[in-house]
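Contents: one structure, followed by commentary.
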Amino acid sequence: MRRLLAILLPGLLLLTACGGGSGEASSSPEPTSQSAGETAKLDSVKITEKGDKKAPAVEFTKPLDVKEPTVKVVTEGSGDRVKANQIADISIIGFNGTDGSTLEDTFPNDPEPLELNDELKTSSPVIYNAFVGAKVGSHLALAVPGQAAAQGAPAKPTQLLIVKVLAAKDAPPVLDKPQGDAVTPPAGLPTVKDNAKGVPEISVAGVKAPAALISQDLIKGKGQALKASDTITVNYVGVALASGKIFDSSFDRGKKATFPLTGVIKGWTQGLTGKTVGSRVLLVVPKALAYGDKGQGDAKGDLVFVVDILGVK
């Protein structure tokens with residue numbers, strides 16, 4: 001994730017509704033974007049459009065200082081309204097509210113996706129209600145309150161983000177189970193068989209330690225190929241190669257797991273990149289690409305996983 005979003009957007013997503021917004025999405029089939037906070041302080045924001053790949057020129061009265069999260073549509077686009085459960089593609093330019101200096105500009109880069117799902121609605125209704133109902137092409141102004149100096153850290157001024165909604169699309173469906181063509185793996189690998197509940201069981205009897213990472217399709221899905229930067233939704237089970245003992249299983253928890261491929265062990269990042277949604281993948285991961293010599297709990301030494309790739313975003 002780009003540095004600006006890594007620093008600023010997560011903070012925005014944790015904000016709760018306070019001030020000018022209702023805090024609840026409209027019951028209308030097509031709600032309009034809802035403002036929140038000290039919106040009068042954003043009245044001075046003026047935007048000159050420069051296209052989708054170049055940040056707009058932005059003017060605002062300085063210093064800008066808000067005490068609560070504040071958001072409003074500054075210019076309305078001419079596209080369709082963004083709907084709940086869609087993914088909005090956005091670009092952002094951020095400013096220091098005190099002196100107007102630019103913090104970072106993502107416009108020249110690929111847009112960032114913002115998923116407008118129930119999780120966002122619950123965790124950050126300010127953001128959810130501002131984007132749901134906004135028209136594609138709109139510019140939203142979001143002001144993030146500053147922070148006082150604390151424990152040796154310097155004070156942070158109010159920050160102003162100008163967000164352009166470039167597009168909106170329906171979120172791809174998340175599968176309940178793998179879908180695709182069965183693949184016969186070569187001999188010598190762990191074997192996998194579904195039990196009566198449809199949960200994969202792994203047998204490692206007679207399997208030798210891997211000299212390198214093994215990533216073998218058991219079912220070849222027909223969906224989108226994964227990039228190393230993707231966030232994926234999966235079901236999986238993992239066993240230690242030496243003992244065959246299960247150390248982790250989303251199946252046992254009864255809930256699919258969602259995480260970025262950049263935030264997992266190297267064996268997953270390398271072994272799942274390029275695989276397709278709908279696939280079931282057998283990973284035999286050398287300890288160097290897992291948790292090293294020390295291991296992590298029961299996940300010690302070489303590891304074996306069965307991963308059902310059910311969705312990507």
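Simple scheme: letters A, B, ... for chains in structure tokens order, numbers from 1 for residues in each chain, numbers from 1 for ligands in the order shown.
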If you run DSSP over the backbone, which residues in segment 42-201 of chain A end up helix (DSSP H, G or I)? Put them as a VMD selection string.
chain A and resid 42 118 to 123 125 to 131
If DSSP is run on the backbone, what residues of segment 96-182 of chain A are strand (DSSP E)? A reply as a PyMOL selection string would be ideal.
chain A and resi 96+102-105+112-115+139-144+159-170+180-182
Name the residues in contact with segment 257-263 of chain A at a cut-off of 7 Å, using only C-alpha atoms, excluding same-chain residues fewer than 6 positions from it; report them as a JSON list (two decimals) with all heavy atoms, in the first residue's frame.
```json
[["chain", "number", "residue", "atom", "x", "y", "z"],
["A", 228, "ALA", "N", 1.11, -10.70, -6.15],
["A", 228, "ALA", "CA", 1.72, -10.72, -4.81],
["A", 228, "ALA", "C", 1.18, -9.62, -3.92],
["A", 228, "ALA", "O", 1.26, -9.70, -2.69],
["A", 228, "ALA", "CB", 3.23, -10.60, -4.94],
["A", 229, "SER", "N", 0.59, -8.57, -4.52],
["A", 229, "SER", "CA", 0.06, -7.44, -3.75],
["A", 229, "SER", "C", -1.41, -7.60, -3.39],
["A", 229, "SER", "O", -1.98, -6.75, -2.71],
["A", 229, "SER", "CB", 0.23, -6.14, -4.55],
["A", 229, "SER", "OG", -0.42, -6.25, -5.82],
["A", 230, "ASP", "N", -2.04, -8.70, -3.82],
["A", 230, "ASP", "CA", -3.48, -8.89, -3.61],
["A", 230, "ASP", "C", -3.81, -9.25, -2.17],
["A", 230, "ASP", "O", -2.98, -9.79, -1.43],
["A", 230, "ASP", "CB", -4.02, -9.99, -4.52],
["A", 230, "ASP", "CG", -4.22, -9.54, -5.95],
["A", 230, "ASP", "OD1", -4.36, -8.33, -6.18],
["A", 230, "ASP", "OD2", -4.23, -10.40, -6.85],
["A", 231, "THR", "N", -5.05, -8.96, -1.80],
["A", 231, "THR", "CA", -5.63, -9.48, -0.56],
["A", 231, "THR", "C", -6.57, -10.61, -0.94],
["A", 231, "THR", "O", -7.41, -10.45, -1.84],
["A", 231, "THR", "CB", -6.39, -8.38, 0.19],
["A", 231, "THR", "OG1", -5.46, -7.39, 0.64],
["A", 231, "THR", "CG2", -7.13, -8.95, 1.39],
["A", 232, "ILE", "N", -6.42, -11.76, -0.30],
["A", 232, "ILE", "CA", -7.16, -12.95, -0.70],
["A", 232, "ILE", "C", -8.03, -13.46, 0.43],
["A", 232, "ILE", "O", -7.78, -13.21, 1.61],
["A", 232, "ILE", "CB", -6.20, -14.06, -1.17],
["A", 232, "ILE", "CG1", -5.25, -14.49, -0.03],
["A", 232, "ILE", "CG2", -5.42, -13.61, -2.39],
["A", 232, "ILE", "CD1", -4.39, -15.70, -0.38],
["A", 233, "THR", "N", -9.09, -14.18, 0.04],
["A", 233, "THR", "CA", -9.94, -14.89, 0.99],
["A", 233, "THR", "C", -9.78, -16.38, 0.72],
["A", 233, "THR", "O", -9.91, -16.83, -0.42],
["A", 233, "THR", "CB", -11.41, -14.48, 0.83],
["A", 233, "THR", "OG1", -11.53, -13.07, 1.11],
["A", 233, "THR", "CG2", -12.31, -15.25, 1.78],
["A", 234, "VAL", "N", -9.52, -17.14, 1.78],
["A", 234, "VAL", "CA", -9.18, -18.55, 1.62],
["A", 234, "VAL", "C", -9.78, -19.37, 2.77],
["A", 234, "VAL", "O", -10.17, -18.84, 3.81],
["A", 234, "VAL", "CB", -7.64, -18.77, 1.63],
["A", 234, "VAL", "CG1", -6.98, -18.02, 0.49],
["A", 234, "VAL", "CG2", -7.03, -18.37, 2.97],
["A", 235, "ASN", "N", -9.86, -20.66, 2.54],
["A", 235, "ASN", "CA", -9.91, -21.66, 3.61],
["A", 235, "ASN", "C", -8.62, -22.46, 3.52],
["A", 235, "ASN", "O", -8.10, -22.70, 2.42],
["A", 235, "ASN", "CB", -11.12, -22.57, 3.46],
["A", 235, "ASN", "CG", -12.29, -22.12, 4.33],
["A", 235, "ASN", "OD1", -12.10, -21.57, 5.41],
["A", 235, "ASN", "ND2", -13.51, -22.36, 3.86],
["A", 250, "SER", "N", -8.49, -22.89, 9.21],
["A", 250, "SER", "CA", -9.68, -22.02, 9.16],
["A", 250, "SER", "C", -10.95, -22.86, 9.14],
["A", 250, "SER", "O", -12.01, -22.41, 9.58],
["A", 250, "SER", "CB", -9.62, -21.12, 7.92],
["A", 250, "SER", "OG", -9.70, -21.88, 6.72],
["A", 269, "THR", "N", 3.37, -16.37, -0.06],
["A", 269, "THR", "CA", 3.47, -15.29, -1.06],
["A", 269, "THR", "C", 3.99, -15.84, -2.38],
["A", 269, "THR", "O", 3.43, -15.58, -3.45],
["A", 269, "THR", "CB", 4.40, -14.17, -0.55],
["A", 269, "THR", "OG1", 3.96, -13.73, 0.73],
["A", 269, "THR", "CG2", 4.40, -13.01, -1.51]]
```
Each residue of segment 78-184 of chain A lying at most 12 Å from segment 206-223 of chain A should get a row with its shortest atom-to-atom pair and the distance in Å to one decimal, counting only C-alpha atoms; could you produce that, ordered by chain and increasing number, as JSON lines?
```
{"residue": "A:Pro172", "atom": "CA", "partner": "A:Gly223", "partner_atom": "CA", "distance": 10.2}
{"residue": "A:Pro173", "atom": "CA", "partner": "A:Gly223", "partner_atom": "CA", "distance": 10.6}
{"residue": "A:Val174", "atom": "CA", "partner": "A:Gly223", "partner_atom": "CA", "distance": 10.9}
{"residue": "A:Leu175", "atom": "CA", "partner": "A:Gly223", "partner_atom": "CA", "distance": 10.5}
{"residue": "A:Lys177", "atom": "CA", "partner": "A:Gly221", "partner_atom": "CA", "distance": 10.6}
{"residue": "A:Pro178", "atom": "CA", "partner": "A:Gly221", "partner_atom": "CA", "distance": 7.1}
{"residue": "A:Gln179", "atom": "CA", "partner": "A:Gly221", "partner_atom": "CA", "distance": 5.6}
{"residue": "A:Gly180", "atom": "CA", "partner": "A:Gly221", "partner_atom": "CA", "distance": 4.2}
{"residue": "A:Asp181", "atom": "CA", "partner": "A:Lys220", "partner_atom": "CA", "distance": 5.1}
{"residue": "A:Ala182", "atom": "CA", "partner": "A:Ile219", "partner_atom": "CA", "distance": 4.4}
{"residue": "A:Val183", "atom": "CA", "partner": "A:Leu218", "partner_atom": "CA", "distance": 4.9}
{"residue": "A:Thr184", "atom": "CA", "partner": "A:Leu218", "partner_atom": "CA", "distance": 6.6}
```
Show me, as a Markdown table, the residues of segment 98-133 of chain A having an atom within 9 Å of segment 162-169 of chain A, each with the closest atom pair and its distance in Å, using only C-alpha atoms.
```
| residue | atom | partner | partner_atom | distance |
| --- | --- | --- | --- | --- |
| A:Phe107 | CA | A:Lys164 | CA | 8.9 |
| A:Pro111 | CA | A:Leu166 | CA | 7.8 |
| A:Phe131 | CA | A:Val165 | CA | 8.4 |
```
Segment 53-59 of chain A environment, 6 Å, only C-alpha atoms, sequence neighbours closer than 6 positions dropped, as a PDB file with all heavy atoms, in the first residue's frame:
```
ATOM      1  N   VAL A  45     -12.528  25.172   0.431  1.00  0.00           N
ATOM      2  CA  VAL A  45     -11.791  24.272  -0.454  1.00  0.00           C
ATOM      3  C   VAL A  45     -12.270  24.460  -1.899  1.00  0.00           C
ATOM      4  O   VAL A  45     -13.462  24.321  -2.202  1.00  0.00           O
ATOM      5  CB  VAL A  45     -11.964  22.805  -0.029  1.00  0.00           C
ATOM      6  CG1 VAL A  45     -11.248  21.875  -1.016  1.00  0.00           C
ATOM      7  CG2 VAL A  45     -11.421  22.594   1.380  1.00  0.00           C
ATOM      8  N   LYS A  46     -11.356  24.797  -2.777  1.00  0.00           N
ATOM      9  CA  LYS A  46     -11.646  24.983  -4.202  1.00  0.00           C
ATOM     10  C   LYS A  46     -10.758  24.026  -5.009  1.00  0.00           C
ATOM     11  O   LYS A  46      -9.563  23.909  -4.751  1.00  0.00           O
ATOM     12  CB  LYS A  46     -11.380  26.420  -4.641  1.00  0.00           C
ATOM     13  CG  LYS A  46     -12.098  27.470  -3.790  1.00  0.00           C
ATOM     14  CD  LYS A  46     -13.606  27.348  -3.886  1.00  0.00           C
ATOM     15  CE  LYS A  46     -14.284  28.425  -3.030  1.00  0.00           C
ATOM     16  NZ  LYS A  46     -15.760  28.233  -2.961  1.00  0.00           N
ATOM     17  N   ILE A  47     -11.364  23.373  -5.994  1.00  0.00           N
ATOM     18  CA  ILE A  47     -10.655  22.349  -6.761  1.00  0.00           C
ATOM     19  C   ILE A  47     -10.702  22.681  -8.246  1.00  0.00           C
ATOM     20  O   ILE A  47     -11.756  23.032  -8.776  1.00  0.00           O
ATOM     21  CB  ILE A  47     -11.280  20.962  -6.510  1.00  0.00           C
ATOM     22  CG1 ILE A  47     -10.967  20.504  -5.080  1.00  0.00           C
ATOM     23  CG2 ILE A  47     -10.786  19.920  -7.512  1.00  0.00           C
ATOM     24  CD1 ILE A  47     -11.603  19.202  -4.695  1.00  0.00           C
ATOM     25  N   PHE A 107      -2.217  10.169  -7.368  1.00  0.00           N
ATOM     26  CA  PHE A 107      -2.902  10.260  -8.663  1.00  0.00           C
ATOM     27  C   PHE A 107      -2.115   9.661  -9.820  1.00  0.00           C
ATOM     28  O   PHE A 107      -2.697   9.019 -10.700  1.00  0.00           O
ATOM     29  CB  PHE A 107      -3.275  11.714  -8.969  1.00  0.00           C
ATOM     30  CG  PHE A 107      -4.582  12.144  -8.367  1.00  0.00           C
ATOM     31  CD1 PHE A 107      -4.650  12.507  -7.041  1.00  0.00           C
ATOM     32  CD2 PHE A 107      -5.745  12.163  -9.133  1.00  0.00           C
ATOM     33  CE1 PHE A 107      -5.858  12.902  -6.471  1.00  0.00           C
ATOM     34  CE2 PHE A 107      -6.953  12.548  -8.572  1.00  0.00           C
ATOM     35  CZ  PHE A 107      -7.019  12.925  -7.237  1.00  0.00           C
ATOM     36  N   PRO A 108      -0.780   9.835  -9.899  1.00  0.00           N
ATOM     37  CA  PRO A 108      -0.060   9.257 -11.043  1.00  0.00           C
ATOM     38  C   PRO A 108      -0.008   7.730 -11.012  1.00  0.00           C
ATOM     39  O   PRO A 108       0.338   7.104 -12.016  1.00  0.00           O
ATOM     40  CB  PRO A 108       1.346   9.844 -10.913  1.00  0.00           C
ATOM     41  CG  PRO A 108       1.201  11.039 -10.021  1.00  0.00           C
ATOM     42  CD  PRO A 108       0.103  10.682  -9.071  1.00  0.00           C
TER      43      PRO A 108
END
```
Per-residue nearest contacts segment 169-255 of chain A to segment 292-306 of chain A, cut-off 6 Å, using only C-alpha atoms, as CSV:
```
residue,atom,partner,partner_atom,distance
A:Tyr236,CA,A:Val306,CA,5.5
A:Val237,CA,A:Val306,CA,5.5
A:Gly238,CA,A:Phe305,CA,4.3
A:Val239,CA,A:Val304,CA,5.3
A:Ala240,CA,A:Leu303,CA,4.7
A:Leu241,CA,A:Leu303,CA,5.2
A:Phe247,CA,A:Asp298,CA,5.5
```
